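Colleague: PDB, C-alpha atoms, file upload-v7.pdb:
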```
ATOM      1  CA  MET A   1      -7.221 -82.112 -38.693  1.00  0.00           C
ATOM      2  CA  THR A   2      -8.321 -82.971 -35.179  1.00  0.00           C
ATOM      3  CA  ASP A   3     -11.314 -81.696 -33.294  1.00  0.00           C
ATOM      4  CA  GLN A   4      -9.316 -81.315 -30.090  1.00  0.00           C
ATOM      5  CA  PRO A   5      -8.877 -77.742 -28.912  1.00  0.00           C
ATOM      6  CA  VAL A   6      -5.364 -76.316 -28.931  1.00  0.00           C
ATOM      7  CA  ARG A   7      -4.193 -75.216 -25.498  1.00  0.00           C
ATOM      8  CA  GLU A   8      -2.710 -71.779 -25.203  1.00  0.00           C
ATOM      9  CA  LEU A   9       0.835 -71.895 -23.876  1.00  0.00           C
ATOM     10  CA  ALA A  10      -0.079 -69.367 -21.185  1.00  0.00           C
ATOM     11  CA  ASP A  11      -2.690 -71.819 -19.851  1.00  0.00           C
ATOM     12  CA  ILE A  12      -0.244 -74.705 -19.412  1.00  0.00           C
ATOM     13  CA  PRO A  13       1.293 -74.976 -15.931  1.00  0.00           C
ATOM     14  CA  ALA A  14       5.058 -74.496 -15.771  1.00  0.00           C
ATOM     15  CA  VAL A  15       5.619 -77.992 -14.351  1.00  0.00           C
ATOM     16  CA  GLU A  16       3.929 -79.471 -17.420  1.00  0.00           C
ATOM     17  CA  VAL A  17       6.041 -77.394 -19.823  1.00  0.00           C
ATOM     18  CA  ILE A  18       9.240 -78.366 -17.994  1.00  0.00           C
ATOM     19  CA  SER A  19       8.229 -82.040 -17.848  1.00  0.00           C
ATOM     20  CA  ARG A  20       7.410 -82.114 -21.560  1.00  0.00           C
ATOM     21  CA  ALA A  21      10.751 -80.498 -22.396  1.00  0.00           C
ATOM     22  CA  ALA A  22      12.527 -83.080 -20.219  1.00  0.00           C
ATOM     23  CA  VAL A  23      10.719 -85.957 -21.916  1.00  0.00           C
ATOM     24  CA  MET A  24      11.643 -84.576 -25.341  1.00  0.00           C
ATOM     25  CA  LEU A  25      15.310 -84.307 -24.331  1.00  0.00           C
ATOM     26  CA  MET A  26      15.222 -87.838 -22.872  1.00  0.00           C
ATOM     27  CA  SER A  27      13.712 -89.224 -26.064  1.00  0.00           C
ATOM     28  CA  SER A  28      16.298 -87.448 -28.187  1.00  0.00           C
ATOM     29  CA  ALA A  29      19.164 -88.741 -26.040  1.00  0.00           C
ATOM     30  CA  ALA A  30      17.814 -92.301 -26.183  1.00  0.00           C
ATOM     31  CA  GLU A  31      17.615 -92.106 -29.985  1.00  0.00           C
ATOM     32  CA  LYS A  32      21.142 -90.686 -30.228  1.00  0.00           C
ATOM     33  CA  LEU A  33      22.392 -93.507 -27.983  1.00  0.00           C
ATOM     34  CA  GLY A  34      20.770 -95.986 -30.380  1.00  0.00           C
ATOM     35  CA  LEU A  35      18.503 -97.351 -27.650  1.00  0.00           C
ATOM     36  CA  SER A  36      15.497 -97.633 -29.955  1.00  0.00           C
ATOM     37  CA  ASP A  37      17.269-100.273 -32.053  1.00  0.00           C
ATOM     38  CA  PRO A  38      17.561-103.963 -31.136  1.00  0.00           C
ATOM     39  CA  ASN A  39      21.356-103.653 -31.291  1.00  0.00           C
ATOM     40  CA  PRO A  40      22.319-100.139 -30.141  1.00  0.00           C
ATOM     41  CA  ASP A  41      25.984-100.724 -31.036  1.00  0.00           C
ATOM     42  CA  GLU A  42      25.036-101.009 -34.711  1.00  0.00           C
ATOM     43  CA  SER A  43      22.326 -98.345 -34.740  1.00  0.00           C
ATOM     44  CA  PRO A  44      22.536 -95.848 -37.615  1.00  0.00           C
ATOM     45  CA  SER A  45      21.045 -93.318 -35.160  1.00  0.00           C
ATOM     46  CA  ARG A  46      23.924 -93.602 -32.669  1.00  0.00           C
ATOM     47  CA  ASP A  47      25.809 -90.333 -32.298  1.00  0.00           C
ATOM     48  CA  LEU A  48      27.540 -90.069 -28.937  1.00  0.00           C
ATOM     49  CA  ASP A  49      28.665 -86.481 -29.488  1.00  0.00           C
ATOM     50  CA  GLU A  50      25.062 -85.409 -30.035  1.00  0.00           C
ATOM     51  CA  ALA A  51      23.885 -87.600 -27.135  1.00  0.00           C
ATOM     52  CA  ARG A  52      26.396 -85.888 -24.835  1.00  0.00           C
ATOM     53  CA  ARG A  53      24.976 -82.478 -25.743  1.00  0.00           C
ATOM     54  CA  VAL A  54      21.359 -83.486 -25.206  1.00  0.00           C
ATOM     55  CA  ILE A  55      22.085 -85.266 -21.908  1.00  0.00           C
ATOM     56  CA  THR A  56      23.983 -82.211 -20.652  1.00  0.00           C
ATOM     57  CA  ALA A  57      21.068 -79.950 -21.614  1.00  0.00           C
ATOM     58  CA  LEU A  58      18.679 -82.303 -19.806  1.00  0.00           C
ATOM     59  CA  ALA A  59      20.907 -82.232 -16.714  1.00  0.00           C
ATOM     60  CA  GLY A  60      20.816 -78.430 -16.762  1.00  0.00           C
ATOM     61  CA  LEU A  61      17.035 -78.360 -17.062  1.00  0.00           C
ATOM     62  CA  VAL A  62      16.557 -80.930 -14.304  1.00  0.00           C
ATOM     63  CA  THR A  63      19.043 -79.269 -11.955  1.00  0.00           C
ATOM     64  CA  ALA A  64      17.580 -75.805 -12.476  1.00  0.00           C
ATOM     65  CA  SER A  65      13.955 -76.893 -12.078  1.00  0.00           C
ATOM     66  CA  LEU A  66      14.153 -79.714  -9.529  1.00  0.00           C
ATOM     67  CA  GLU A  67      12.384 -77.759  -6.783  1.00  0.00           C
ATOM     68  CA  TYR A  68       9.406 -77.058  -9.068  1.00  0.00           C
ATOM     69  CA  LEU A  69       8.860 -80.584 -10.395  1.00  0.00           C
ATOM     70  CA  GLY A  70       7.188 -82.011  -7.292  1.00  0.00           C
ATOM     71  CA  PRO A  71       6.250 -85.676  -7.839  1.00  0.00           C
ATOM     72  CA  HIS A  72       7.737 -85.558 -11.354  1.00  0.00           C
ATOM     73  CA  ALA A  73      11.254 -84.915 -10.010  1.00  0.00           C
ATOM     74  CA  GLY A  74      12.090 -88.500  -9.077  1.00  0.00           C
ATOM     75  CA  PRO A  75      11.152 -90.170 -12.367  1.00  0.00           C
ATOM     76  CA  ILE A  76      12.792 -87.429 -14.428  1.00  0.00           C
ATOM     77  CA  ARG A  77      15.987 -87.592 -12.375  1.00  0.00           C
ATOM     78  CA  ASP A  78      15.982 -91.416 -12.658  1.00  0.00           C
ATOM     79  CA  GLY A  79      15.578 -91.147 -16.426  1.00  0.00           C
ATOM     80  CA  LEU A  80      18.504 -88.733 -16.619  1.00  0.00           C
ATOM     81  CA  GLN A  81      20.728 -91.048 -14.573  1.00  0.00           C
ATOM     82  CA  SER A  82      19.760 -94.013 -16.767  1.00  0.00           C
ATOM     83  CA  LEU A  83      20.780 -92.060 -19.856  1.00  0.00           C
ATOM     84  CA  GLN A  84      24.054 -91.023 -18.221  1.00  0.00           C
ATOM     85  CA  ARG A  85      24.791 -94.692 -17.420  1.00  0.00           C
ATOM     86  CA  ALA A  86      23.819 -95.771 -20.946  1.00  0.00           C
ATOM     87  CA  PHE A  87      26.186 -93.153 -22.357  1.00  0.00           C
ATOM     88  CA  ARG A  88      29.026 -94.486 -20.181  1.00  0.00           C
ATOM     89  CA  GLU A  89      28.295 -98.060 -21.334  1.00  0.00           C
ATOM     90  CA  ALA A  90      28.162 -97.001 -24.995  1.00  0.00           C
ATOM     91  CA  SER A  91      31.481 -95.161 -24.880  1.00  0.00           C
ATOM     92  CA  ALA A  92      34.587 -96.962 -26.120  1.00  0.00           C
ATOM     93  CA  HIS A  93      36.598 -94.904 -23.628  1.00  0.00           C
ATOM     94  CA  PRO A  94      34.178 -93.973 -20.806  1.00  0.00           C
ATOM     95  CA  ASP A  95      34.610 -90.639 -19.066  1.00  0.00           C
ATOM     96  CA  GLU A  96      35.859 -90.669 -15.491  1.00  0.00           C
ATOM     97  CA  PRO A  97      33.057 -90.429 -12.890  1.00  0.00           C
ATOM     98  CA  GLY A  98      32.046 -86.785 -12.661  1.00  0.00           C
ATOM     99  CA  LYS A  99      33.242 -86.023 -16.209  1.00  0.00           C
ATOM    100  CA  GLY A 100      30.393 -87.612 -18.177  1.00  0.00           C
ATOM    101  CA  PRO A 101      27.573 -85.681 -19.822  1.00  0.00           C
ATOM    102  CA  GLY A 102      25.807 -83.464 -17.330  1.00  0.00           C
ATOM    103  CA  GLU A 103      27.733 -84.839 -14.364  1.00  0.00           C
ATOM    104  CA  LYS A 104      29.227 -81.459 -13.448  1.00  0.00           C
ATOM    105  CA  LEU A 105      25.599 -80.470 -12.783  1.00  0.00           C
ATOM    106  CA  THR A 106      24.268 -83.688 -11.228  1.00  0.00           C
ATOM    107  CA  GLY A 107      27.348 -85.162  -9.601  1.00  0.00           C
ATOM    108  CA  PRO A 108      29.056 -88.415 -10.593  1.00  0.00           C
ATOM    109  CA  VAL A 109      26.974 -91.274 -11.947  1.00  0.00           C
ATOM    110  CA  TYR A 110      28.395 -94.771 -11.592  1.00  0.00           C
TER
END
```
Translate the structure described by the file into structure tokens.
Modeller:
Amino acid sequence: MTDQPVRELADIPAVEVISRAAVMLMSSAAEKLGLSDPNPDESPSRDLDEARRVITALAGLVTASLEYLGPHAGPIRDGLQSLQRAFREASAHPDEPGKGPGEKLTGPVY
């Protein structure tokens, strides 16, 4: 058990809650793309169907909250685009630009 006080959810600013949710979705997508393994193509964690779902959810969160993220917006948006590109590279038959995960919300990623 730690001696650190637990913060009440009501006391946490919205931008922090949104940013934490985005980071969790990014981490999940990276795992499902196999990016934590030295050879992602052979990763037992790779699941592109699941990665598509998480990346699309992240795109929805980012798109809906962009105006509230302030200085966090750029890095979060860059992380999302990196994951969208990684998904395209990992796919045996990549989606057309604008059809990849979350791209109907963010626009095409090349």
Colleague: Convert the output of the PyMOL selection byres ((chain A and resi 102) around 10) on the shown file into explicit residues, formatted as a PyMOL selection string.
Modeller: chain A and resi 52-60+63+80-81+84+98-101+103-109
Colleague: Taking 2 positions as the minimum chain separation for residues in the same chain, which residues sit within 6 Å of region 7-18 of chain A when counting only C-alpha atoms? Answer as a PDB file with C-alpha atoms, keeping the file's coordinate frame.
Modeller:
```pdb
ATOM      1  CA  ARG A  20       7.410 -82.114 -21.560  1.00  0.00           C
ATOM      2  CA  ALA A  21      10.751 -80.498 -22.396  1.00  0.00           C
ATOM      3  CA  LEU A  69       8.860 -80.584 -10.395  1.00  0.00           C
TER       4      LEU A  69
END
```
Colleague: Region 66-74 of chain A, all listed atoms, 3 Å padding on each side: what axis-aligned box centre and edge lengths in Å to one decimal come out, as AutoDock Vina command-line options?
Modeller:
```
--center_x 10.2 --center_y -82.8 --center_z -9.1 --size_x 13.9 --size_y 17.4 --size_z 10.6
```
Colleague: Under the rule that only C-alpha atoms are counted, which of A:Phe87, A:Pro5, A:Ser19, A:Pro94 is the nearest residue to Glu31 (chain A)?
Modeller: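 Nearest to Glu31 (chain A): A:Phe87.
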Colleague: Which of these, A:Ser65, A:His72, A:Tyr110, A:Ala90, has the shortest distance to Asn39 (chain A) once you count only C-alpha atoms?
Modeller: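 Using only C-alpha atoms, the shortest distance to Asn39 (chain A) belongs to A:Ala90.
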Colleague: Determine the nearest neighbour of Asp47 (chain A) from the options A:Leu61, A:Ser91, A:Arg77, A:Glu67, counting all atoms listed in the file.
Modeller: A:Ser91
Colleague: How many Å lie between CA of Ser45 (chain A) and CA of Ser27 (chain A), rounded to one decimal?
Modeller: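 Answer for the CA of Ser45 (chain A) to CA of Ser27 (chain A) separation: 12.4 Å.
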Colleague: Kindly give the distance, in Å, that separates CA of Leu35 (chain A) and CA of Ala86 (chain A), rounded to a single decimal.
Modeller: 8.7 Å
Colleague: Could I get region 48-78 of chain A from the block written as a short mmCIF file (atom, residue, chain, number, x, y, z; two decimals), in the first residue's frame, with N, CA and C atoms?
Modeller:
```cif
data_model
loop_
_atom_site.label_atom_id
_atom_site.label_comp_id
_atom_site.auth_asym_id
_atom_site.auth_seq_id
_atom_site.Cartn_x
_atom_site.Cartn_y
_atom_site.Cartn_z
N LEU A 48 -4.78 -7.02 -35.38
CA LEU A 48 -5.12 -5.83 -36.15
C LEU A 48 -6.60 -5.46 -36.05
N ASP A 49 -7.47 -6.44 -35.88
CA ASP A 49 -8.89 -6.13 -35.71
C ASP A 49 -9.11 -5.33 -34.42
N GLU A 50 -8.47 -5.79 -33.35
CA GLU A 50 -8.57 -5.06 -32.08
C GLU A 50 -7.89 -3.70 -32.17
N ALA A 51 -6.74 -3.64 -32.85
CA ALA A 51 -6.03 -2.36 -33.00
C ALA A 51 -6.91 -1.36 -33.75
N ARG A 52 -7.60 -1.82 -34.78
CA ARG A 52 -8.49 -0.94 -35.55
C ARG A 52 -9.54 -0.31 -34.62
N ARG A 53 -10.12 -1.12 -33.77
CA ARG A 53 -11.16 -0.62 -32.86
C ARG A 53 -10.62 0.43 -31.89
N VAL A 54 -9.45 0.15 -31.33
CA VAL A 54 -8.88 1.07 -30.34
C VAL A 54 -8.44 2.37 -31.02
N ILE A 55 -7.84 2.27 -32.20
CA ILE A 55 -7.41 3.48 -32.92
C ILE A 55 -8.62 4.32 -33.30
N THR A 56 -9.70 3.68 -33.72
CA THR A 56 -10.91 4.43 -34.07
C THR A 56 -11.50 5.12 -32.84
N ALA A 57 -11.49 4.44 -31.70
CA ALA A 57 -11.97 5.07 -30.46
C ALA A 57 -11.09 6.26 -30.08
N LEU A 58 -9.78 6.10 -30.24
CA LEU A 58 -8.86 7.20 -29.95
C LEU A 58 -9.14 8.38 -30.89
N ALA A 59 -9.36 8.10 -32.16
CA ALA A 59 -9.66 9.17 -33.12
C ALA A 59 -10.92 9.92 -32.72
N GLY A 60 -11.94 9.18 -32.24
CA GLY A 60 -13.16 9.83 -31.79
C GLY A 60 -12.93 10.72 -30.59
N LEU A 61 -12.16 10.23 -29.64
CA LEU A 61 -11.85 11.01 -28.44
C LEU A 61 -11.07 12.27 -28.81
N VAL A 62 -10.05 12.11 -29.63
CA VAL A 62 -9.21 13.25 -30.02
C VAL A 62 -10.03 14.27 -30.80
N THR A 63 -10.81 13.81 -31.76
CA THR A 63 -11.61 14.72 -32.58
C THR A 63 -12.62 15.48 -31.73
N ALA A 64 -13.27 14.79 -30.82
CA ALA A 64 -14.31 15.42 -30.00
C ALA A 64 -13.74 16.37 -28.95
N SER A 65 -12.49 16.17 -28.55
CA SER A 65 -11.95 16.97 -27.44
C SER A 65 -10.79 17.87 -27.85
N LEU A 66 -10.50 17.97 -29.12
CA LEU A 66 -9.34 18.71 -29.59
C LEU A 66 -9.29 20.13 -29.05
N GLU A 67 -10.42 20.82 -29.05
CA GLU A 67 -10.44 22.22 -28.61
C GLU A 67 -10.13 22.38 -27.12
N TYR A 68 -10.27 21.33 -26.35
CA TYR A 68 -10.05 21.41 -24.90
C TYR A 68 -8.65 20.98 -24.47
N LEU A 69 -7.89 20.40 -25.39
CA LEU A 69 -6.61 19.80 -25.02
C LEU A 69 -5.45 20.78 -24.93
N GLY A 70 -5.63 21.98 -25.46
CA GLY A 70 -4.59 23.00 -25.37
C GLY A 70 -3.25 22.47 -25.87
N PRO A 71 -2.18 22.64 -25.08
CA PRO A 71 -0.85 22.22 -25.53
C PRO A 71 -0.70 20.71 -25.68
N HIS A 72 -1.64 19.94 -25.16
CA HIS A 72 -1.60 18.48 -25.28
C HIS A 72 -2.09 18.01 -26.65
N ALA A 73 -2.82 18.86 -27.36
CA ALA A 73 -3.45 18.47 -28.62
C ALA A 73 -2.44 17.98 -29.66
N GLY A 74 -1.38 18.72 -29.85
CA GLY A 74 -0.40 18.37 -30.88
C GLY A 74 0.23 17.00 -30.66
N PRO A 75 0.81 16.75 -29.48
CA PRO A 75 1.41 15.45 -29.24
C PRO A 75 0.42 14.28 -29.30
N ILE A 76 -0.79 14.50 -28.83
CA ILE A 76 -1.79 13.43 -28.88
C ILE A 76 -2.19 13.16 -30.32
N ARG A 77 -2.40 14.21 -31.09
CA ARG A 77 -2.76 14.05 -32.50
C ARG A 77 -1.61 13.37 -33.27
N ASP A 78 -0.37 13.75 -32.97
CA ASP A 78 0.79 13.12 -33.62
C ASP A 78 0.87 11.63 -33.28
#
```
